[in-house]
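**Q** One file: entry.tsv (TSV, N, CA and C atoms).
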chain	number	residue	atom	x	y	z
A	29	MET	N	6.69	-20.48	0.37
A	29	MET	CA	6.43	-19.35	-0.50
A	29	MET	C	5.09	-19.45	-1.22
A	30	ALA	N	4.36	-20.52	-0.94
A	30	ALA	CA	3.03	-20.65	-1.56
A	30	ALA	C	2.13	-19.48	-1.19
A	31	TYR	N	2.27	-18.98	0.05
A	31	TYR	CA	1.45	-17.84	0.48
A	31	TYR	C	1.82	-16.59	-0.32
A	32	ALA	N	3.12	-16.37	-0.55
A	32	ALA	CA	3.56	-15.21	-1.34
A	32	ALA	C	3.02	-15.30	-2.76
A	33	ASP	N	3.04	-16.49	-3.34
A	33	ASP	CA	2.49	-16.67	-4.69
A	33	ASP	C	0.99	-16.42	-4.71
A	34	TRP	N	0.29	-16.86	-3.66
A	34	TRP	CA	-1.15	-16.62	-3.57
A	34	TRP	C	-1.42	-15.12	-3.47
A	35	MET	N	-0.64	-14.40	-2.63
A	35	MET	CA	-0.82	-12.95	-2.50
A	35	MET	C	-0.54	-12.26	-3.82
A	36	LEU	N	0.49	-12.69	-4.52
A	36	LEU	CA	0.84	-12.08	-5.81
A	36	LEU	C	-0.30	-12.28	-6.81
A	37	GLU	N	-0.81	-13.49	-6.89
A	37	GLU	CA	-1.94	-13.76	-7.80
A	37	GLU	C	-3.15	-12.92	-7.43
A	38	ARG	N	-3.42	-12.81	-6.14
A	38	ARG	CA	-4.57	-12.04	-5.66
A	38	ARG	C	-4.42	-10.55	-6.00
A	39	ASP	N	-3.20	-10.00	-5.89
A	39	ASP	CA	-2.99	-8.59	-6.19
A	39	ASP	C	-2.88	-8.30	-7.69
A	40	LEU	N	-2.48	-9.28	-8.47
A	40	LEU	CA	-2.41	-9.08	-9.92
A	40	LEU	C	-3.79	-9.02	-10.58
A	41	GLN	N	-4.77	-9.72	-10.00
A	41	GLN	CA	-6.12	-9.72	-10.59
A	41	GLN	C	-6.73	-8.32	-10.64
A	42	PRO	N	-6.82	-7.58	-9.53
A	42	PRO	CA	-7.40	-6.24	-9.61
A	42	PRO	C	-6.48	-5.26	-10.37
A	43	TYR	N	-5.18	-5.46	-10.28
A	43	TYR	CA	-4.26	-4.61	-11.03
A	43	TYR	C	-4.53	-4.76	-12.53
A	44	SER	N	-4.64	-5.99	-13.00
A	44	SER	CA	-4.91	-6.24	-14.42
A	44	SER	C	-6.27	-5.71	-14.83
A	45	ALA	N	-7.28	-5.92	-14.01
A	45	ALA	CA	-8.63	-5.43	-14.32
A	45	ALA	C	-8.66	-3.91	-14.40
A	46	ALA	N	-7.89	-3.24	-13.57
A	46	ALA	CA	-7.87	-1.77	-13.54
A	46	ALA	C	-7.26	-1.17	-14.80
A	47	GLN	N	-6.46	-1.93	-15.52
A	47	GLN	CA	-5.84	-1.41	-16.73
A	47	GLN	C	-6.88	-1.02	-17.77
A	48	ALA	N	-8.04	-1.65	-17.75
A	48	ALA	CA	-9.09	-1.36	-18.73
A	48	ALA	C	-10.00	-0.20	-18.30
A	49	LEU	N	-9.81	0.31	-17.10
A	49	LEU	CA	-10.65	1.38	-16.59
A	49	LEU	C	-10.07	2.74	-16.92
A	50	SER	N	-10.95	3.73	-17.05
A	50	SER	CA	-10.47	5.10	-17.24
A	50	SER	C	-10.63	5.85	-15.93
A	51	GLY	N	-9.82	6.85	-15.73
A	51	GLY	CA	-9.89	7.64	-14.51
A	51	GLY	C	-9.12	7.01	-13.37
A	52	PRO	N	-9.12	7.70	-12.24
A	52	PRO	CA	-8.36	7.22	-11.09
A	52	PRO	C	-8.90	5.91	-10.51
A	53	VAL	N	-7.99	5.06	-10.09
A	53	VAL	CA	-8.32	3.82	-9.40
A	53	VAL	C	-7.44	3.77	-8.17
A	54	ILE	N	-8.03	3.60	-7.00
A	54	ILE	CA	-7.25	3.56	-5.77
A	54	ILE	C	-7.19	2.14	-5.26
A	55	PHE	N	-5.99	1.69	-4.97
A	55	PHE	CA	-5.75	0.36	-4.41
A	55	PHE	C	-5.34	0.53	-2.96
A	56	ASP	N	-5.86	-0.31	-2.10
A	56	ASP	CA	-5.38	-0.37	-0.72
A	56	ASP	C	-4.36	-1.49	-0.69
A	57	ARG	N	-3.13	-1.12	-0.60
A	57	ARG	CA	-2.00	-2.05	-0.67
A	57	ARG	C	-1.75	-2.41	-2.13
A	58	GLY	N	-0.87	-3.35	-2.37
A	58	GLY	CA	-0.55	-3.73	-3.74
A	58	GLY	C	0.66	-4.63	-3.77
A	59	ILE	N	1.17	-4.85	-4.95
A	59	ILE	CA	2.25	-5.82	-5.17
A	59	ILE	C	3.52	-5.49	-4.37
A	60	PRO	N	3.94	-4.22	-4.28
A	60	PRO	CA	5.14	-3.94	-3.47
A	60	PRO	C	4.99	-4.35	-2.00
A	61	VAL	N	3.77	-4.36	-1.50
A	61	VAL	CA	3.53	-4.73	-0.10
A	61	VAL	C	3.93	-6.18	0.16
A	62	ILE	N	3.80	-7.03	-0.84
A	62	ILE	CA	4.21	-8.43	-0.70
A	62	ILE	C	5.71	-8.49	-0.41
A	63	VAL	N	6.47	-7.69	-1.15
A	63	VAL	CA	7.92	-7.64	-0.94
A	63	VAL	C	8.21	-7.14	0.48
A	64	GLY	N	7.49	-6.09	0.90
A	64	GLY	CA	7.70	-5.55	2.24
A	64	GLY	C	7.37	-6.55	3.33
A	65	CYS	N	6.27	-7.29	3.17
A	65	CYS	CA	5.88	-8.29	4.17
A	65	CYS	C	6.92	-9.39	4.27
A	66	LEU	N	7.38	-9.88	3.12
A	66	LEU	CA	8.38	-10.94	3.14
A	66	LEU	C	9.70	-10.45	3.73
A	67	SER	N	10.08	-9.22	3.41
A	67	SER	CA	11.31	-8.65	3.97
A	67	SER	C	11.22	-8.53	5.48
A	68	LEU	N	10.06	-8.15	5.97
A	68	LEU	CA	9.86	-7.99	7.41
A	68	LEU	C	9.86	-9.33	8.13
A	69	CYS	N	9.27	-10.33	7.52
A	69	CYS	CA	9.13	-11.64	8.16
A	69	CYS	C	10.38	-12.51	8.06
A	70	GLY	N	11.28	-12.16	7.18
A	70	GLY	CA	12.54	-12.89	7.13
A	70	GLY	C	12.78	-13.82	5.97
A	71	PRO	N	11.75	-14.46	5.38
A	71	PRO	CA	12.09	-15.37	4.27
A	71	PRO	C	12.60	-14.57	3.08
A	72	PRO	N	13.48	-15.16	2.28
A	72	PRO	CA	13.97	-14.44	1.10
A	72	PRO	C	12.82	-14.14	0.14
A	73	VAL	N	12.88	-12.98	-0.49
A	73	VAL	CA	11.85	-12.60	-1.44
A	73	VAL	C	12.17	-13.27	-2.77
A	74	PRO	N	11.25	-14.09	-3.30
A	74	PRO	CA	11.52	-14.77	-4.57
A	74	PRO	C	11.75	-13.75	-5.70
A	75	PRO	N	12.72	-14.03	-6.57
A	75	PRO	CA	13.02	-13.10	-7.67
A	75	PRO	C	11.81	-12.76	-8.54
A	76	HIS	N	10.90	-13.72	-8.76
A	76	HIS	CA	9.73	-13.44	-9.61
A	76	HIS	C	8.78	-12.45	-8.95
A	77	VAL	N	8.75	-12.39	-7.62
A	77	VAL	CA	7.91	-11.41	-6.92
A	77	VAL	C	8.51	-10.01	-7.10
A	78	VAL	N	9.83	-9.90	-6.95
A	78	VAL	CA	10.51	-8.61	-7.16
A	78	VAL	C	10.33	-8.15	-8.60
A	79	ALA	N	10.50	-9.07	-9.54
A	79	ALA	CA	10.35	-8.73	-10.97
A	79	ALA	C	8.93	-8.24	-11.27
A	80	THR	N	7.94	-8.87	-10.68
A	80	THR	CA	6.55	-8.45	-10.90
A	80	THR	C	6.31	-7.08	-10.28
A	81	ALA	N	6.84	-6.83	-9.09
A	81	ALA	CA	6.68	-5.53	-8.45
A	81	ALA	C	7.32	-4.42	-9.28
A	82	LYS	N	8.43	-4.74	-9.96
A	82	LYS	CA	9.08	-3.75	-10.82
A	82	LYS	C	8.30	-3.52	-12.11
A	83	ALA	N	7.68	-4.57	-12.63
A	83	ALA	CA	6.99	-4.49	-13.92
A	83	ALA	C	5.56	-3.95	-13.80
A	84	ALA	N	4.84	-4.35	-12.78
A	84	ALA	CA	3.44	-3.93	-12.60
A	84	ALA	C	3.43	-2.66	-11.76
A	85	ARG	N	3.67	-1.54	-12.41
A	85	ARG	CA	3.82	-0.26	-11.72
A	85	ARG	C	2.48	0.42	-11.46
A	86	TYR	N	2.43	1.08	-10.33
A	86	TYR	CA	1.32	1.95	-9.98
A	86	TYR	C	1.78	3.37	-10.27
A	87	ASN	N	0.91	4.34	-10.00
A	87	ASN	CA	1.31	5.73	-10.12
A	87	ASN	C	2.48	5.99	-9.19
A	88	ARG	N	3.33	6.91	-9.56
A	88	ARG	CA	4.51	7.22	-8.74
A	88	ARG	C	4.11	7.70	-7.35
A	89	ARG	N	2.98	8.40	-7.23
A	89	ARG	CA	2.54	8.92	-5.94
A	89	ARG	C	1.79	7.84	-5.17
A	90	VAL	N	2.27	7.57	-3.97
A	90	VAL	CA	1.64	6.60	-3.07
A	90	VAL	C	1.15	7.37	-1.85
A	91	PHE	N	-0.11	7.21	-1.52
A	91	PHE	CA	-0.66	7.88	-0.36
A	91	PHE	C	-0.32	7.10	0.90
A	92	ARG	N	0.20	7.79	1.87
A	92	ARG	CA	0.66	7.17	3.11
A	92	ARG	C	-0.20	7.65	4.27
A	93	VAL	N	-0.83	6.70	4.96
A	93	VAL	CA	-1.54	7.00	6.19
A	93	VAL	C	-0.63	6.51	7.32
A	94	PRO	N	-0.02	7.43	8.06
A	94	PRO	CA	0.95	7.00	9.06
A	94	PRO	C	0.31	6.26	10.22
A	95	TYR	N	1.12	5.44	10.86
A	95	TYR	CA	0.68	4.73	12.06
A	95	TYR	C	0.38	5.76	13.15
A	96	ARG	N	-0.73	5.55	13.85
A	96	ARG	CA	-1.09	6.42	14.98
A	96	ARG	C	-1.58	5.54	16.12
A	97	ASP	N	-0.97	5.73	17.28
A	97	ASP	CA	-1.38	4.95	18.46
A	97	ASP	C	-2.88	5.06	18.73
A	98	GLU	N	-3.43	6.28	18.57
A	98	GLU	CA	-4.85	6.49	18.91
A	98	GLU	C	-5.80	5.76	17.95
A	99	LYS	N	-5.32	5.36	16.79
A	99	LYS	CA	-6.15	4.63	15.83
A	99	LYS	C	-5.90	3.13	15.86
A	100	PHE	N	-4.86	2.72	16.58
A	100	PHE	CA	-4.51	1.30	16.63
A	100	PHE	C	-5.57	0.51	17.38
A	101	THR	N	-5.91	-0.65	16.83
A	101	THR	CA	-6.85	-1.54	17.50
A	101	THR	C	-6.52	-2.98	17.11
A	102	GLN	N	-6.90	-3.88	17.96
A	102	GLN	CA	-6.76	-5.30	17.65
A	102	GLN	C	-8.15	-5.91	17.61
A	103	ASP	N	-8.32	-6.89	16.73
A	103	ASP	CA	-9.57	-7.64	16.65
A	103	ASP	C	-9.23	-9.01	16.08
A	104	THR	N	-10.23	-9.73	15.63
A	104	THR	CA	-9.97	-11.09	15.14
A	104	THR	C	-9.09	-11.12	13.89
A	105	GLU	N	-9.06	-10.01	13.13
A	105	GLU	CA	-8.24	-9.97	11.91
A	105	GLU	C	-6.93	-9.21	12.12
A	106	ARG	N	-6.89	-8.30	13.05
A	106	ARG	CA	-5.69	-7.51	13.32
A	106	ARG	C	-5.07	-7.99	14.63
A	107	LYS	N	-4.07	-8.84	14.52
A	107	LYS	CA	-3.51	-9.48	15.70
A	107	LYS	C	-2.15	-8.92	16.09
A	108	GLN	N	-1.61	-7.99	15.30
A	108	GLN	CA	-0.31	-7.43	15.62
A	108	GLN	C	-0.38	-6.55	16.87
A	109	CYS	N	0.72	-6.52	17.61
A	109	CYS	CA	0.82	-5.59	18.72
A	109	CYS	C	1.26	-4.23	18.15
A	110	HIS	N	1.30	-3.19	19.00
A	110	HIS	CA	1.70	-1.85	18.55
A	110	HIS	C	3.05	-1.88	17.83
A	111	ALA	N	4.03	-2.51	18.45
A	111	ALA	CA	5.39	-2.53	17.88
A	111	ALA	C	5.41	-3.22	16.51
A	112	GLN	N	4.69	-4.32	16.38
A	112	GLN	CA	4.64	-5.04	15.10
A	112	GLN	C	3.95	-4.19	14.03
A	113	ALA	N	2.86	-3.51	14.40
A	113	ALA	CA	2.13	-2.67	13.45
A	113	ALA	C	3.02	-1.52	12.98
A	114	GLU	N	3.75	-0.90	13.89
A	114	GLU	CA	4.67	0.18	13.51
A	114	GLU	C	5.77	-0.34	12.60
A	115	ALA	N	6.34	-1.49	12.92
A	115	ALA	CA	7.40	-2.08	12.10
A	115	ALA	C	6.88	-2.45	10.72
A	116	THR	N	5.65	-2.95	10.64
A	116	THR	CA	5.05	-3.30	9.35
A	116	THR	C	4.90	-2.05	8.49
A	117	CYS	N	4.39	-0.98	9.07
A	117	CYS	CA	4.24	0.26	8.30
A	117	CYS	C	5.58	0.77	7.81
A	118	ALA	N	6.57	0.76	8.69
A	118	ALA	CA	7.91	1.22	8.30
A	118	ALA	C	8.46	0.37	7.15
A	119	ALA	N	8.27	-0.94	7.21
A	119	ALA	CA	8.75	-1.83	6.14
A	119	ALA	C	8.03	-1.54	4.82
A	120	MET	N	6.73	-1.26	4.88
A	120	MET	CA	5.98	-0.96	3.66
A	120	MET	C	6.47	0.35	3.04
A	121	TYR	N	6.70	1.36	3.87
A	121	TYR	CA	7.14	2.65	3.36
A	121	TYR	C	8.54	2.54	2.77
A	122	GLU	N	9.42	1.80	3.45
A	122	GLU	CA	10.78	1.61	2.94
A	122	GLU	C	10.77	0.86	1.62
A	123	THR	N	9.93	-0.16	1.53
A	123	THR	CA	9.84	-0.95	0.30
A	123	THR	C	9.34	-0.11	-0.86
A	124	CYS	N	8.26	0.64	-0.63
A	124	CYS	CA	7.73	1.47	-1.72
A	124	CYS	C	8.74	2.52	-2.15
A	125	SER	N	9.45	3.11	-1.20
A	125	SER	CA	10.49	4.08	-1.55
A	125	SER	C	11.58	3.41	-2.38
A	126	ALA	N	11.97	2.21	-2.01
A	126	ALA	CA	13.01	1.48	-2.74
A	126	ALA	C	12.58	1.18	-4.18
A	127	PHE	N	11.28	1.02	-4.41
A	127	PHE	CA	10.77	0.79	-5.77
A	127	PHE	C	10.53	2.09	-6.52
A	128	GLY	N	10.90	3.22	-5.93
A	128	GLY	CA	10.81	4.51	-6.61
A	128	GLY	C	9.49	5.24	-6.48
A	129	TYR	N	8.65	4.83	-5.55
A	129	TYR	CA	7.37	5.52	-5.35
A	129	TYR	C	7.59	6.74	-4.46
A	130	GLU	N	6.82	7.80	-4.72
A	130	GLU	CA	6.85	9.03	-3.94
A	130	GLU	C	5.75	8.94	-2.89
A	131	LEU	N	6.13	8.95	-1.63
A	131	LEU	CA	5.17	8.81	-0.54
A	131	LEU	C	4.57	10.16	-0.19
A	132	THR	N	3.25	10.27	-0.27
A	132	THR	CA	2.53	11.48	0.09
A	132	THR	C	1.71	11.19	1.33
A	133	GLU	N	2.10	11.79	2.44
A	133	GLU	CA	1.42	11.52	3.70
A	133	GLU	C	0.08	12.23	3.75
A	134	LEU	N	-0.95	11.48	4.10
A	134	LEU	CA	-2.27	12.05	4.29
A	134	LEU	C	-2.33	12.59	5.72
A	135	LEU	N	-2.74	13.83	5.84
A	135	LEU	CA	-2.74	14.49	7.13
A	135	LEU	C	-3.89	14.02	8.01
A	136	LYS	N	-3.70	14.19	9.28
A	136	LYS	CA	-4.71	13.82	10.26
A	136	LYS	C	-5.90	14.77	10.15
A	137	ARG	N	-7.07	14.21	10.15
A	137	ARG	CA	-8.31	14.98	10.08
A	137	ARG	C	-8.56	15.64	11.43
A	138	THR	N	-8.87	16.93	11.42
A	138	THR	CA	-9.05	17.65	12.68
A	138	THR	C	-10.51	17.78	13.08
A	139	SER	N	-11.44	17.61	12.13
A	139	SER	CA	-12.86	17.79	12.44
A	139	SER	C	-13.69	16.97	11.48
A	140	ARG	N	-14.79	16.41	11.95
A	140	ARG	CA	-15.69	15.66	11.07
A	140	ARG	C	-16.38	16.59	10.08
A	141	ALA	N	-16.47	17.89	10.42
A	141	ALA	CA	-17.14	18.85	9.54
A	141	ALA	C	-16.28	19.18	8.32
A	142	VAL	N	-14.98	18.93	8.42
A	142	VAL	CA	-14.06	19.24	7.33
A	142	VAL	C	-13.67	17.93	6.65
A	143	PRO	N	-13.82	17.84	5.32
A	143	PRO	CA	-13.43	16.60	4.64
A	143	PRO	C	-11.96	16.29	4.89
A	144	PRO	N	-11.62	15.01	4.98
A	144	PRO	CA	-10.22	14.67	5.16
A	144	PRO	C	-9.39	15.19	3.99
A	145	PRO	N	-8.11	15.51	4.23
A	145	PRO	CA	-7.27	16.06	3.17
A	145	PRO	C	-7.24	15.21	1.91
A	146	PHE	N	-7.40	13.88	2.03
A	146	PHE	CA	-7.38	12.99	0.87
A	146	PHE	C	-8.40	13.44	-0.17
A	147	TYR	N	-9.59	13.85	0.28
A	147	TYR	CA	-10.65	14.22	-0.64
A	147	TYR	C	-10.36	15.54	-1.35
A	148	ARG	N	-9.43	16.31	-0.82
A	148	ARG	CA	-9.08	17.58	-1.45
A	148	ARG	C	-7.95	17.41	-2.47
A	149	LEU	N	-7.35	16.22	-2.51
A	149	LEU	CA	-6.29	15.99	-3.50
A	149	LEU	C	-6.90	16.01	-4.89
A	150	LYS	N	-6.21	16.63	-5.81
A	150	LYS	CA	-6.69	16.64	-7.19
A	150	LYS	C	-6.13	15.42	-7.89
A	151	LEU	N	-7.00	14.53	-8.30
A	151	LEU	CA	-6.61	13.32	-9.01
A	151	LEU	C	-6.84	13.58	-10.49
A	152	ALA	N	-5.77	13.67	-11.24
A	152	ALA	CA	-5.90	13.99	-12.66
A	152	ALA	C	-5.19	12.95	-13.51
A	153	GLY	N	-5.72	12.75	-14.69
A	153	GLY	CA	-5.07	11.89	-15.66
A	153	GLY	C	-5.27	10.41	-15.39
A	154	PRO	N	-5.01	9.61	-16.39
A	154	PRO	CA	-5.13	8.17	-16.20
A	154	PRO	C	-3.90	7.64	-15.48
A	155	TYR	N	-4.08	7.14	-14.32
A	155	TYR	CA	-2.97	6.55	-13.59
A	155	TYR	C	-3.48	5.52	-12.61
A	156	ARG	N	-2.61	4.61	-12.24
A	156	ARG	CA	-2.91	3.60	-11.23
A	156	ARG	C	-2.04	3.93	-10.04
A	157	SER	N	-2.61	3.94	-8.85
A	157	SER	CA	-1.82	4.31	-7.69
A	157	SER	C	-2.07	3.38	-6.53
A	158	LEU	N	-1.20	3.41	-5.59
A	158	LEU	CA	-1.20	2.54	-4.43
A	158	LEU	C	-1.26	3.40	-3.18
A	159	SER	N	-2.09	3.06	-2.21
A	159	SER	CA	-2.11	3.81	-0.96
A	159	SER	C	-1.75	2.90	0.19
A	160	LEU	N	-1.06	3.43	1.14
A	160	LEU	CA	-0.61	2.64	2.29
A	160	LEU	C	-1.29	3.13	3.55
A	161	SER	N	-2.12	2.30	4.12
A	161	SER	CA	-2.72	2.65	5.40
A	161	SER	C	-1.93	1.94	6.48
A	162	PRO	N	-2.13	2.35	7.74
A	162	PRO	CA	-1.35	1.65	8.79
A	162	PRO	C	-1.65	0.17	8.75
A	163	GLY	N	-0.77	-0.63	8.84
A	163	GLY	CA	-0.84	-2.08	8.72
A	163	GLY	C	-0.43	-2.34	7.30
A	164	CYS	N	-0.81	-1.18	6.25
A	164	CYS	CA	-0.43	-0.45	5.05
A	164	CYS	C	-1.40	-0.35	3.92
A	165	GLY	N	-2.11	1.70	0.24
A	165	GLY	CA	-2.78	1.64	-0.97
A	165	GLY	C	-2.35	2.75	-1.91
A	166	SER	N	-2.99	3.18	-3.43
A	166	SER	CA	-2.48	4.11	-4.43
A	166	SER	C	-3.51	4.41	-5.49
A	167	VAL	N	-3.29	5.39	-6.30
A	167	VAL	CA	-4.23	5.76	-7.37
A	167	VAL	C	-3.64	5.37	-8.70
A	168	ARG	N	-4.46	5.00	-9.64
A	168	ARG	CA	-4.02	4.49	-10.92
A	168	ARG	C	-3.34	5.53	-11.73
What is this file in structure tokens?

**A**
Amino acid sequence: MAYADWMLERDLQPYSAAQALSGPVIFDRGIPVIVGCLSLCGPPVPPHVVATAKAARYNRRVFRVPYRDEKFTQDTERKQCHAQAEATCAAMYETCSAFGYELTELLKRTSRAVPPPFYRLKLAGPYRSLSLSPGCGSVR
């Protein structure tokens, strides 16, 4: 579980720093993702990780970028196969839903001339949020 503790420490640093900022802050992934990864991989999720995920809340709205075969790629950092990547995304979405986050799917961009739907979202008020991209983040 040393890796889970390292991930938790790594995700708490930007979360804590963002508390002092005004306006929207977007995170790619976050503390609930640690719970999702551990759940997917099989080891029991330590109670302190669950407690931290419950206490260190992001905005209720979580942006979801769904898995798409046409965007899937492997490289030196992305070693999962298609099935593993799909399962990882599903686990992240299930975990965030279980923690009470509202998943807002970002639509597929149809043209480079048109800004992606994400940029048309109105981000208002002080909040911290998490968005999930395939493989799996949010606004403050």

**Q** I want to know what sits within 6.5 Å of A:Pro60, based on only N, CA and C atoms, with residues of the same chain fewer than 6 positions away left out; could you give that as a list in words?

**A** Ala81, Thr123 and Cys124 of chain A

**Q** Which one of A:Ile54, A:Ala46, A:Val93, A:Ala84 sits closest to A:Glu114 if you count only C-alpha atoms?

**A**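 Ranking A:Ile54, A:Ala46, A:Val93, A:Ala84 by distance to A:Glu114, first place goes to A:Val93.
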
**Q** Taking only N, CA and C atoms into account, which of A:Pro52, A:Gly58, A:Val77, A:Ala113 comes nearest A:Tyr95?

**A** A:Ala113

**Q** Between atom N of A:Asp97 and atom CA of A:Glu122, what is the distance in Å, rounded to a tenth?

**A**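 Atom CA of A:Glu122 lies 19.0 Å from atom N of A:Asp97.
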
**Q** Taking the DSSP secondary structure from the backbone, can you list the residues of stretch 38-154 of chain A that are helix (DSSP H, G or I), as a PyMOL selection string?

**A** chain A and resi 38-46+59-69+75-83+97-99+110-126+145-148

**Q** May I ask for the distance between atom C of A:Ala115 and atom CA of A:Leu40, given in Å to one decimal place?

**A**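 Atom CA of A:Leu40 lies at a distance of 23.6 Å from atom C of A:Ala115.
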
**Q** Check the smallest atom-to-atom distance from each of A:Ala79, A:Ile59, A:Leu134, A:Ala126 to A:Pro94 using only C-alpha atoms, then report the winner.

**A**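 Closest candidate: A:Leu134.
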
**Q** Please determine, counting only N, CA and C atoms, which residue among A:Val53, A:Val90, A:Ile62, A:Gln47 has the shortest atom-to-atom distance to A:Ala32.

**A**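 Closest residue, counting only N, CA and C atoms: A:Ile62.
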
**Q** Quick one, how far is atom CA of A:Thr80 from atom CA of A:Lys107?

**A** 28.5 Å

**Q** Which one is closest to A:Asn87: A:Glu130, A:Met120, A:Ser44, A:Leu49? Count all atoms listed in the file.

**A**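 Ranked by minimum distance to A:Asn87, first place goes to A:Glu130.
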
**Q** Which parts of stretch 41-114 of chain A does DSSP call strand (DSSP E or B) when run on the backbone here, written out as a list in words?

**A**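 Strand (DSSP E or B) assignments inside stretch 41-114 of chain A correspond to Val53, Ile54, Phe55, Asp56, Arg89, Val90, Phe91 and Arg92 of chain A.
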